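With mmCIF, C-alpha atoms inside, this is upload15.cif:
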data_protein
loop_
_atom_site.group_PDB
_atom_site.id
_atom_site.type_symbol
_atom_site.label_atom_id
_atom_site.label_comp_id
_atom_site.auth_asym_id
_atom_site.auth_seq_id
_atom_site.Cartn_x
_atom_site.Cartn_y
_atom_site.Cartn_z
ATOM 1 C CA MET A 236 100.633 87.188 136.813
ATOM 2 C CA PRO A 237 100.626 88.935 133.403
ATOM 3 C CA PRO A 238 98.350 91.984 133.003
ATOM 4 C CA GLN A 239 94.837 91.349 131.732
ATOM 5 C CA ARG A 240 94.237 91.861 128.025
ATOM 6 C CA LYS A 241 91.299 94.083 127.154
ATOM 7 C CA GLN A 242 88.879 92.349 124.804
ATOM 8 C CA ARG A 243 87.848 94.447 121.798
ATOM 9 C CA LYS A 244 85.534 93.412 118.974
ATOM 10 C CA ILE A 245 85.867 95.195 115.622
ATOM 11 C CA ALA A 246 83.693 94.836 112.511
ATOM 12 C CA ILE A 247 85.388 95.232 109.128
ATOM 13 C CA MET A 248 82.646 96.303 106.715
ATOM 14 C CA GLY A 249 82.257 97.513 103.151
ATOM 15 C CA TYR A 250 81.064 96.689 99.663
ATOM 16 C CA ARG A 251 82.027 93.362 98.109
ATOM 17 C CA SER A 252 85.556 93.046 96.680
ATOM 18 C CA VAL A 253 87.003 96.148 98.373
ATOM 19 C CA GLY A 254 89.660 94.056 100.154
ATOM 20 C CA LYS A 255 88.197 93.593 103.644
ATOM 21 C CA SER A 256 89.570 90.051 103.916
ATOM 22 C CA SER A 257 92.929 90.996 102.394
ATOM 23 C CA LEU A 258 93.236 93.862 104.870
ATOM 24 C CA THR A 259 92.283 91.652 107.821
ATOM 25 C CA ILE A 260 94.622 88.802 106.841
ATOM 26 C CA GLN A 261 97.456 91.259 106.194
ATOM 27 C CA PHE A 262 97.002 92.666 109.715
ATOM 28 C CA VAL A 263 96.577 89.316 111.480
ATOM 29 C CA GLU A 264 99.028 87.126 109.525
ATOM 30 C CA ASN A 265 101.328 89.645 107.783
ATOM 31 C CA GLN A 266 100.606 88.201 104.376
ATOM 32 C CA PHE A 267 98.683 89.241 101.284
ATOM 33 C CA VAL A 268 96.231 86.708 99.931
ATOM 34 C CA ASP A 269 95.807 87.425 96.233
ATOM 35 C CA SER A 270 93.028 84.975 95.459
ATOM 36 C CA TYR A 271 90.381 84.750 98.120
ATOM 37 C CA ASP A 272 86.894 83.313 98.024
ATOM 38 C CA PRO A 273 84.165 85.814 98.800
ATOM 39 C CA THR A 274 83.658 85.856 102.521
ATOM 40 C CA ILE A 275 80.533 84.618 104.188
ATOM 41 C CA GLU A 276 81.907 85.852 107.505
ATOM 42 C CA ASN A 277 85.131 85.067 109.339
ATOM 43 C CA THR A 278 86.415 86.016 112.751
ATOM 44 C CA PHE A 279 90.116 86.439 113.460
ATOM 45 C CA THR A 280 91.797 86.968 116.813
ATOM 46 C CA LYS A 281 95.016 88.883 117.319
ATOM 47 C CA PRO A 282 96.853 90.008 120.435
ATOM 48 C CA TRP A 283 97.935 93.637 119.986
ATOM 49 C CA LYS A 284 99.589 96.273 122.136
ATOM 50 C CA VAL A 285 98.864 99.999 121.952
ATOM 51 C CA ARG A 286 100.485 102.520 124.314
ATOM 52 C CA GLY A 287 101.602 99.804 126.694
ATOM 53 C CA GLN A 288 98.125 98.238 127.014
ATOM 54 C CA ASP A 289 97.571 94.655 125.856
ATOM 55 C CA PHE A 290 94.462 93.948 123.800
ATOM 56 C CA GLU A 291 92.840 90.812 122.462
ATOM 57 C CA LEU A 292 91.282 91.913 119.178
ATOM 58 C CA LYS A 293 88.438 89.949 117.671
ATOM 59 C CA LEU A 294 88.120 91.062 114.055
ATOM 60 C CA VAL A 295 84.841 90.223 112.345
ATOM 61 C CA ASP A 296 85.485 90.143 108.591
ATOM 62 C CA THR A 297 81.938 90.615 107.322
ATOM 63 C CA ALA A 298 80.435 89.470 104.056
ATOM 64 C CA GLY A 299 80.405 92.103 101.315
ATOM 65 C CA GLN A 300 77.560 94.537 101.804
ATOM 66 C CA ASP A 301 75.364 96.322 99.336
ATOM 67 C CA GLU A 302 72.810 99.031 99.855
ATOM 68 C CA TYR A 303 69.934 96.526 99.753
ATOM 69 C CA ALA A 304 71.410 94.019 102.193
ATOM 70 C CA ILE A 305 69.631 93.481 105.450
ATOM 71 C CA PHE A 306 71.981 94.779 108.125
ATOM 72 C CA PRO A 307 72.680 91.838 110.449
ATOM 73 C CA ALA A 308 71.986 92.737 114.077
ATOM 74 C CA GLN A 309 75.152 90.951 115.213
ATOM 75 C CA HIS A 310 77.181 93.672 113.449
ATOM 76 C CA SER A 311 75.840 96.240 115.872
ATOM 77 C CA MET A 312 75.823 94.251 119.117
ATOM 78 C CA ASP A 313 78.942 93.998 121.253
ATOM 79 C CA MET A 314 81.081 95.823 118.673
ATOM 80 C CA HIS A 315 83.569 98.284 120.087
ATOM 81 C CA GLY A 316 84.527 99.833 116.744
ATOM 82 C CA TYR A 317 84.212 99.704 112.978
ATOM 83 C CA VAL A 318 86.555 99.772 110.014
ATOM 84 C CA LEU A 319 84.556 100.866 106.959
ATOM 85 C CA VAL A 320 86.419 99.993 103.775
ATOM 86 C CA TYR A 321 85.980 101.187 100.211
ATOM 87 C CA SER A 322 88.147 100.738 97.146
ATOM 88 C CA ILE A 323 89.713 103.844 95.626
ATOM 89 C CA THR A 324 88.842 102.179 92.292
ATOM 90 C CA SER A 325 85.077 102.023 92.951
ATOM 91 C CA VAL A 326 82.691 104.953 93.376
ATOM 92 C CA GLN A 327 79.904 102.506 94.259
ATOM 93 C CA SER A 328 81.916 101.120 97.205
ATOM 94 C CA PHE A 329 82.575 104.676 98.404
ATOM 95 C CA GLU A 330 78.911 105.698 98.179
ATOM 96 C CA LEU A 331 77.866 102.596 100.133
ATOM 97 C CA LEU A 332 79.730 103.826 103.227
ATOM 98 C CA GLN A 333 77.073 106.497 103.885
ATOM 99 C CA VAL A 334 74.367 103.798 103.846
ATOM 100 C CA LEU A 335 76.435 101.549 106.121
ATOM 101 C CA LEU A 336 77.077 104.259 108.667
ATOM 102 C CA GLU A 337 73.405 105.188 108.801
ATOM 103 C CA LYS A 338 72.507 101.522 109.374
ATOM 104 C CA ILE A 339 75.142 101.205 112.118
ATOM 105 C CA MET A 340 73.850 104.347 113.839
ATOM 106 C CA ASP A 341 70.240 103.125 113.592
ATOM 107 C CA MET A 342 71.093 99.702 115.006
ATOM 108 C CA THR A 343 73.368 100.899 117.818
ATOM 109 C CA GLY A 344 71.379 103.992 118.707
ATOM 110 C CA LYS A 345 74.655 105.885 119.113
ATOM 111 C CA ILE A 346 75.563 109.201 117.543
ATOM 112 C CA THR A 347 79.324 108.791 117.902
ATOM 113 C CA ILE A 348 80.891 105.459 117.110
ATOM 114 C CA PRO A 349 84.617 104.586 117.128
ATOM 115 C CA LEU A 350 85.217 104.388 113.410
ATOM 116 C CA VAL A 351 87.979 104.463 110.815
ATOM 117 C CA ILE A 352 87.278 105.006 107.126
ATOM 118 C CA VAL A 353 89.713 103.205 104.856
ATOM 119 C CA GLY A 354 90.341 103.740 101.155
ATOM 120 C CA ASN A 355 91.999 100.479 100.077
ATOM 121 C CA LYS A 356 93.941 99.510 96.943
ATOM 122 C CA THR A 357 96.296 102.505 96.705
ATOM 123 C CA ASP A 358 98.623 100.209 94.768
ATOM 124 C CA LEU A 359 96.086 100.503 91.907
ATOM 125 C CA HIS A 360 96.566 104.295 91.693
ATOM 126 C CA ARG A 361 96.185 104.293 87.886
ATOM 127 C CA GLU A 362 92.637 102.984 88.310
ATOM 128 C CA ARG A 363 91.713 105.522 91.017
ATOM 129 C CA VAL A 364 88.232 107.049 90.718
ATOM 130 C CA VAL A 365 87.752 108.256 94.329
ATOM 131 C CA SER A 366 90.118 111.066 95.309
ATOM 132 C CA THR A 367 91.922 111.292 98.634
ATOM 133 C CA GLU A 368 90.097 114.596 99.236
ATOM 134 C CA GLU A 369 86.687 112.891 98.868
ATOM 135 C CA GLY A 370 87.688 110.282 101.448
ATOM 136 C CA LYS A 371 88.981 112.945 103.867
ATOM 137 C CA ARG A 372 85.827 115.024 103.415
ATOM 138 C CA LEU A 373 83.604 112.033 104.212
ATOM 139 C CA ALA A 374 85.671 111.183 107.304
ATOM 140 C CA ASP A 375 85.522 114.810 108.478
ATOM 141 C CA THR A 376 81.731 114.801 108.096
ATOM 142 C CA TRP A 377 81.519 111.786 110.432
ATOM 143 C CA LYS A 378 84.345 112.960 112.707
ATOM 144 C CA ALA A 379 86.153 109.727 111.838
ATOM 145 C CA SER A 380 89.788 108.919 111.190
ATOM 146 C CA PHE A 381 90.791 108.316 107.580
ATOM 147 C CA TYR A 382 93.532 106.251 105.959
ATOM 148 C CA GLU A 383 94.365 105.268 102.432
ATOM 149 C CA VAL A 384 96.092 101.913 102.414
ATOM 150 C CA SER A 385 97.261 99.015 100.339
ATOM 151 C CA ALA A 386 96.593 95.585 101.778
ATOM 152 C CA ARG A 387 98.886 94.212 99.046
ATOM 153 C CA SER A 388 101.948 96.212 100.119
ATOM 154 C CA HIS A 389 100.997 96.398 103.846
ATOM 155 C CA GLU A 390 100.971 100.211 103.563
ATOM 156 C CA SER A 391 99.430 101.815 106.700
ATOM 157 C CA VAL A 392 97.520 98.651 107.692
ATOM 158 C CA CYS A 393 98.636 98.601 111.358
ATOM 159 C CA GLU A 394 97.914 102.325 111.721
ATOM 160 C CA ILE A 395 94.197 101.653 111.097
ATOM 161 C CA PHE A 396 93.943 99.396 114.123
ATOM 162 C CA ASN A 397 96.166 101.541 116.358
ATOM 163 C CA ARG A 398 93.950 104.564 115.631
ATOM 164 C CA LEU A 399 90.721 102.615 116.115
ATOM 165 C CA ILE A 400 91.871 101.252 119.486
ATOM 166 C CA THR A 401 92.764 104.788 120.568
ATOM 167 C CA GLU A 402 89.266 105.951 119.528
ATOM 168 C CA MET A 403 87.621 103.015 121.341
ATOM 169 C CA GLU A 404 89.534 103.784 124.540
ATOM 170 C CA LYS A 405 88.564 107.450 124.287
ATOM 171 C CA ALA A 406 84.879 106.467 123.875
ATOM 172 C CA ASP A 407 85.125 104.073 126.848
ATOM 173 C CA SER A 408 86.595 106.694 129.136
ATOM 174 C CA SER A 409 84.036 109.331 128.149
ATOM 175 C CA ASN A 410 81.152 106.861 128.600
ATOM 176 C CA GLY A 411 82.426 105.865 132.024
ATOM 177 C CA ASN A 412 82.612 109.470 133.190
ATOM 178 C CA GLU A 413 79.125 110.507 132.099
ATOM 179 C CA LYS A 414 76.555 111.097 134.777
ATOM 180 C CA SER A 415 73.144 109.650 134.101
ATOM 181 C CA SER A 416 70.499 112.261 133.485
ATOM 182 C CA CYS A 417 67.664 109.842 134.304
ATOM 183 C CA VAL A 418 65.738 110.605 137.455
ATOM 184 C CA ILE A 419 63.433 108.107 139.088
ATOM 185 C CA SER A 420 60.781 109.658 141.293
#
Exercise: express the given structure as structure tokens:
Amino acid sequence: MPPQRKQRKIAIMGYRSVGKSSLTIQFVENQFVDSYDPTIENTFTKPWKVRGQDFELKLVDTAGQDEYAIFPAQHSMDMHGYVLVYSITSVQSFELLQVLLEKIMDMTGKITIPLVIVGNKTDLHRERVVSTEEGKRLADTWKASFYEVSARSHESVCEIFNRLITEMEKADSSNGNEKSSCVIS
């Protein structure tokens, strides 16, 4: 009997038009979709192996967010990790990540969340307005991993998910080893 695949649910979130769907489709189907209708919400499934462990990834490609959007509760329930995406060509998309993270933390009630921050569209380097250093600084503040990628050229796309799975596994093992500090008397 083949080994059991671990089920992992990941939300891909960010401002509209940062390339969340392009990134997801590039990872799942190894193709770049140039013209894509704005997403309402799609879920993709992909078997993936990291360090010899088989996973069944459920990727929730969320609708584009803005700072005024009501944060849907389903984006905080049963999620094992988050990929927060901004475009290196949009300061507004970068600034939204702080709002998103605060909403995620409020909804989940967790201080540490398996998370990868992704600056997408490195192929548009001439239009860059958010520096690599700004992205790294933000990731350091949140103790998150950081990648700059290009969904178009498939640059570093798989690394995002490998890193996030590693972070999710680390969080699982530390949660499982914690002793409850609640005392019933």
A:Ser252, A:Thr347, A:Asn265, A:Ser325 ranked by distance to Thr297 of chain A, top pick (using all atoms listed in the file):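 Result for the nearest residue to Thr297 of chain A: A:Ser252.
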Atomic distance atom CA of Val392 of chain A - atom CA of Gln242 of chain A, expressed in Å with one decimal: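 Calculated distance between atom CA of Val392 of chain A and atom CA of Gln242 of chain A is 20.2 Å.
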Gap from atom CA of Ser322 of chain A to atom CA of Phe290 of chain A - Å, one decimal: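 These atoms are spaced 28.2 Å apart.
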Atom CA of Arg286 of chain A to atom CA of Glu404 of chain A, distance in Å rounded to a single decimal: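 Separation between atom CA of Arg286 of chain A and atom CA of Glu404 of chain A: 11.0 Å.
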Selected residue, from A:Ser391, A:Asn355, A:Gln266, A:Ser409, that lies nearest to Val320 of chain A when counting all atoms listed in the file: A:Asn355
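Closest approach to Leu319 of chain A among A:Ala406, A:Ile260, A:Val253, A:Val364: A:Val253, based on all atoms listed in the file.
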Top pick for closest residue to Leu258 of chain A, considering A:Gly287, A:Pro349, A:Gly344, A:Gly354 and counting only C-alpha atoms: A:Gly354
Taking 4 positions as the minimum chain separation for residues in the same chain, which residues sit within 9 Å of Val353 of chain A when counting all atoms listed in the file? Answer as a compact mmCIF listing (two decimals) with C-alpha atoms, in the coordinates of the input.
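Written file, selection-v8.txt:
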# COMPACT_ATOMS: atom_id res chain seq x y z
CA VAL A 318 86.56 99.77 110.01
CA LEU A 319 84.56 100.87 106.96
CA VAL A 320 86.42 99.99 103.78
CA TYR A 321 85.98 101.19 100.21
CA SER A 322 88.15 100.74 97.15
CA GLY A 370 87.69 110.28 101.45
CA SER A 380 89.79 108.92 111.19
CA PHE A 381 90.79 108.32 107.58
CA TYR A 382 93.53 106.25 105.96
CA GLU A 383 94.36 105.27 102.43
CA VAL A 384 96.09 101.91 102.41
CA ILE A 395 94.20 101.65 111.10
Top pick for closest residue to Phe279 of chain A, considering A:Thr367, A:Thr259, A:Gln327, A:Asn397 and counting only C-alpha atoms: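 Smallest distance to Phe279 of chain A is found for A:Thr259.
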Counting all atoms listed in the file, the residue of A:Ile245, A:Met314, A:Leu373, A:Leu331 that sits nearest Lys345 of chain A: A:Met314
Neighbour list for Glu337 of chain A as a ChimeraX atom specification, cut-off 12 Å, all atoms listed in the file, skip fewer than 4 positions in-chain: /A:302,306,311,330-333,341-348,377
Contacts of Val263 of chain A at 10 Å (only C-alpha atoms; same-chain gap of 5+ positions) as a list in words: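 Listed by chain and then number, they are Ser257, Leu258, Phe279, Thr280, Lys281, Pro282, Trp283, Leu292, Leu294 and Cys393 of chain A.
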Please supply segment 316-341 of chain A, rebuilt with N, CA, C and O atoms, as a PDB file, in the coordinates of the input.
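And here's selection.pdb as it stands now:
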ATOM      1  N   GLY A 316      84.116  98.902 117.788  1.00  0.00           N
ATOM      2  CA  GLY A 316      84.527  99.833 116.744  1.00  0.00           C
ATOM      3  C   GLY A 316      84.334  99.237 115.365  1.00  0.00           C
ATOM      4  O   GLY A 316      84.084  98.032 115.215  1.00  0.00           O
ATOM      5  N   TYR A 317      84.450 100.106 114.368  1.00  0.00           N
ATOM      6  CA  TYR A 317      84.212  99.704 112.978  1.00  0.00           C
ATOM      7  C   TYR A 317      85.323 100.213 112.068  1.00  0.00           C
ATOM      8  O   TYR A 317      85.792 101.344 112.228  1.00  0.00           O
ATOM      9  N   VAL A 318      85.698  99.363 111.110  1.00  0.00           N
ATOM     10  CA  VAL A 318      86.555  99.772 110.014  1.00  0.00           C
ATOM     11  C   VAL A 318      85.672  99.681 108.774  1.00  0.00           C
ATOM     12  O   VAL A 318      85.223  98.588 108.412  1.00  0.00           O
ATOM     13  N   LEU A 319      85.378 100.843 108.170  1.00  0.00           N
ATOM     14  CA  LEU A 319      84.556 100.866 106.959  1.00  0.00           C
ATOM     15  C   LEU A 319      85.483 101.050 105.768  1.00  0.00           C
ATOM     16  O   LEU A 319      86.200 102.041 105.674  1.00  0.00           O
ATOM     17  N   VAL A 320      85.458 100.066 104.868  1.00  0.00           N
ATOM     18  CA  VAL A 320      86.419  99.993 103.775  1.00  0.00           C
ATOM     19  C   VAL A 320      85.737 100.239 102.434  1.00  0.00           C
ATOM     20  O   VAL A 320      84.668  99.687 102.170  1.00  0.00           O
ATOM     21  N   TYR A 321      86.386 101.055 101.611  1.00  0.00           N
ATOM     22  CA  TYR A 321      85.980 101.187 100.211  1.00  0.00           C
ATOM     23  C   TYR A 321      87.220 101.030  99.361  1.00  0.00           C
ATOM     24  O   TYR A 321      88.345 101.081  99.858  1.00  0.00           O
ATOM     25  N   SER A 322      87.024 100.819  98.076  1.00  0.00           N
ATOM     26  CA  SER A 322      88.147 100.738  97.146  1.00  0.00           C
ATOM     27  C   SER A 322      88.273 102.077  96.437  1.00  0.00           C
ATOM     28  O   SER A 322      87.270 102.634  95.978  1.00  0.00           O
ATOM     29  N   ILE A 323      89.501 102.584  96.334  1.00  0.00           N
ATOM     30  CA  ILE A 323      89.713 103.844  95.626  1.00  0.00           C
ATOM     31  C   ILE A 323      89.396 103.688  94.136  1.00  0.00           C
ATOM     32  O   ILE A 323      89.330 104.674  93.415  1.00  0.00           O
ATOM     33  N   THR A 324      89.164 102.441  93.694  1.00  0.00           N
ATOM     34  CA  THR A 324      88.842 102.179  92.292  1.00  0.00           C
ATOM     35  C   THR A 324      87.341 101.980  92.059  1.00  0.00           C
ATOM     36  O   THR A 324      86.935 101.580  90.980  1.00  0.00           O
ATOM     37  N   SER A 325      86.516 102.265  93.082  1.00  0.00           N
ATOM     38  CA  SER A 325      85.077 102.023  92.951  1.00  0.00           C
ATOM     39  C   SER A 325      84.254 103.107  93.636  1.00  0.00           C
ATOM     40  O   SER A 325      84.212 103.186  94.864  1.00  0.00           O
ATOM     41  N   VAL A 326      83.577 103.924  92.833  1.00  0.00           N
ATOM     42  CA  VAL A 326      82.691 104.953  93.376  1.00  0.00           C
ATOM     43  C   VAL A 326      81.542 104.301  94.137  1.00  0.00           C
ATOM     44  O   VAL A 326      81.139 104.776  95.202  1.00  0.00           O
ATOM     45  N   GLN A 327      81.029 103.193  93.609  1.00  0.00           N
ATOM     46  CA  GLN A 327      79.904 102.506  94.259  1.00  0.00           C
ATOM     47  C   GLN A 327      80.275 102.075  95.680  1.00  0.00           C
ATOM     48  O   GLN A 327      79.486 102.231  96.608  1.00  0.00           O
ATOM     49  N   SER A 328      81.490 101.556  95.871  1.00  0.00           N
ATOM     50  CA  SER A 328      81.916 101.120  97.205  1.00  0.00           C
ATOM     51  C   SER A 328      82.049 102.317  98.148  1.00  0.00           C
ATOM     52  O   SER A 328      81.780 102.210  99.336  1.00  0.00           O
ATOM     53  N   PHE A 329      82.449 103.454  97.606  1.00  0.00           N
ATOM     54  CA  PHE A 329      82.575 104.676  98.404  1.00  0.00           C
ATOM     55  C   PHE A 329      81.197 105.187  98.822  1.00  0.00           C
ATOM     56  O   PHE A 329      80.969 105.532  99.988  1.00  0.00           O
ATOM     57  N   GLU A 330      80.266 105.212  97.892  1.00  0.00           N
ATOM     58  CA  GLU A 330      78.911 105.698  98.179  1.00  0.00           C
ATOM     59  C   GLU A 330      78.189 104.813  99.193  1.00  0.00           C
ATOM     60  O   GLU A 330      77.364 105.289  99.960  1.00  0.00           O
ATOM     61  N   LEU A 331      78.512 103.521  99.203  1.00  0.00           N
ATOM     62  CA  LEU A 331      77.866 102.596 100.133  1.00  0.00           C
ATOM     63  C   LEU A 331      78.195 102.931 101.595  1.00  0.00           C
ATOM     64  O   LEU A 331      77.396 102.646 102.482  1.00  0.00           O
ATOM     65  N   LEU A 332      79.339 103.545 101.845  1.00  0.00           N
ATOM     66  CA  LEU A 332      79.730 103.826 103.227  1.00  0.00           C
ATOM     67  C   LEU A 332      78.700 104.687 103.956  1.00  0.00           C
ATOM     68  O   LEU A 332      78.450 104.479 105.139  1.00  0.00           O
ATOM     69  N   GLN A 333      78.096 105.647 103.261  1.00  0.00           N
ATOM     70  CA  GLN A 333      77.073 106.497 103.885  1.00  0.00           C
ATOM     71  C   GLN A 333      75.903 105.631 104.355  1.00  0.00           C
ATOM     72  O   GLN A 333      75.418 105.787 105.473  1.00  0.00           O
ATOM     73  N   VAL A 334      75.474 104.705 103.508  1.00  0.00           N
ATOM     74  CA  VAL A 334      74.367 103.798 103.846  1.00  0.00           C
ATOM     75  C   VAL A 334      74.757 102.933 105.040  1.00  0.00           C
ATOM     76  O   VAL A 334      73.980 102.767 105.983  1.00  0.00           O
ATOM     77  N   LEU A 335      75.969 102.397 105.025  1.00  0.00           N
ATOM     78  CA  LEU A 335      76.435 101.549 106.121  1.00  0.00           C
ATOM     79  C   LEU A 335      76.457 102.303 107.439  1.00  0.00           C
ATOM     80  O   LEU A 335      76.001 101.789 108.460  1.00  0.00           O
ATOM     81  N   LEU A 336      76.995 103.500 107.424  1.00  0.00           N
ATOM     82  CA  LEU A 336      77.077 104.259 108.667  1.00  0.00           C
ATOM     83  C   LEU A 336      75.682 104.553 109.221  1.00  0.00           C
ATOM     84  O   LEU A 336      75.449 104.426 110.418  1.00  0.00           O
ATOM     85  N   GLU A 337      74.774 104.920 108.340  1.00  0.00           N
ATOM     86  CA  GLU A 337      73.405 105.188 108.801  1.00  0.00           C
ATOM     87  C   GLU A 337      72.786 103.940 109.422  1.00  0.00           C
ATOM     88  O   GLU A 337      72.110 104.016 110.450  1.00  0.00           O
ATOM     89  N   LYS A 338      73.034 102.776 108.819  1.00  0.00           N
ATOM     90  CA  LYS A 338      72.507 101.522 109.374  1.00  0.00           C
ATOM     91  C   LYS A 338      73.141 101.220 110.730  1.00  0.00           C
ATOM     92  O   LYS A 338      72.457 100.802 111.656  1.00  0.00           O
ATOM     93  N   ILE A 339      74.444 101.445 110.848  1.00  0.00           N
ATOM     94  CA  ILE A 339      75.142 101.205 112.118  1.00  0.00           C
ATOM     95  C   ILE A 339      74.562 102.121 113.199  1.00  0.00           C
ATOM     96  O   ILE A 339      74.263 101.682 114.310  1.00  0.00           O
ATOM     97  N   MET A 340      74.379 103.389 112.862  1.00  0.00           N
ATOM     98  CA  MET A 340      73.850 104.347 113.839  1.00  0.00           C
ATOM     99  C   MET A 340      72.422 103.977 114.247  1.00  0.00           C
ATOM    100  O   MET A 340      72.076 104.061 115.418  1.00  0.00           O
ATOM    101  N   ASP A 341      71.608 103.549 113.275  1.00  0.00           N
ATOM    102  CA  ASP A 341      70.240 103.125 113.592  1.00  0.00           C
ATOM    103  C   ASP A 341      70.232 101.919 114.522  1.00  0.00           C
ATOM    104  O   ASP A 341      69.465 101.874 115.486  1.00  0.00           O
TER     105      ASP A 341
END
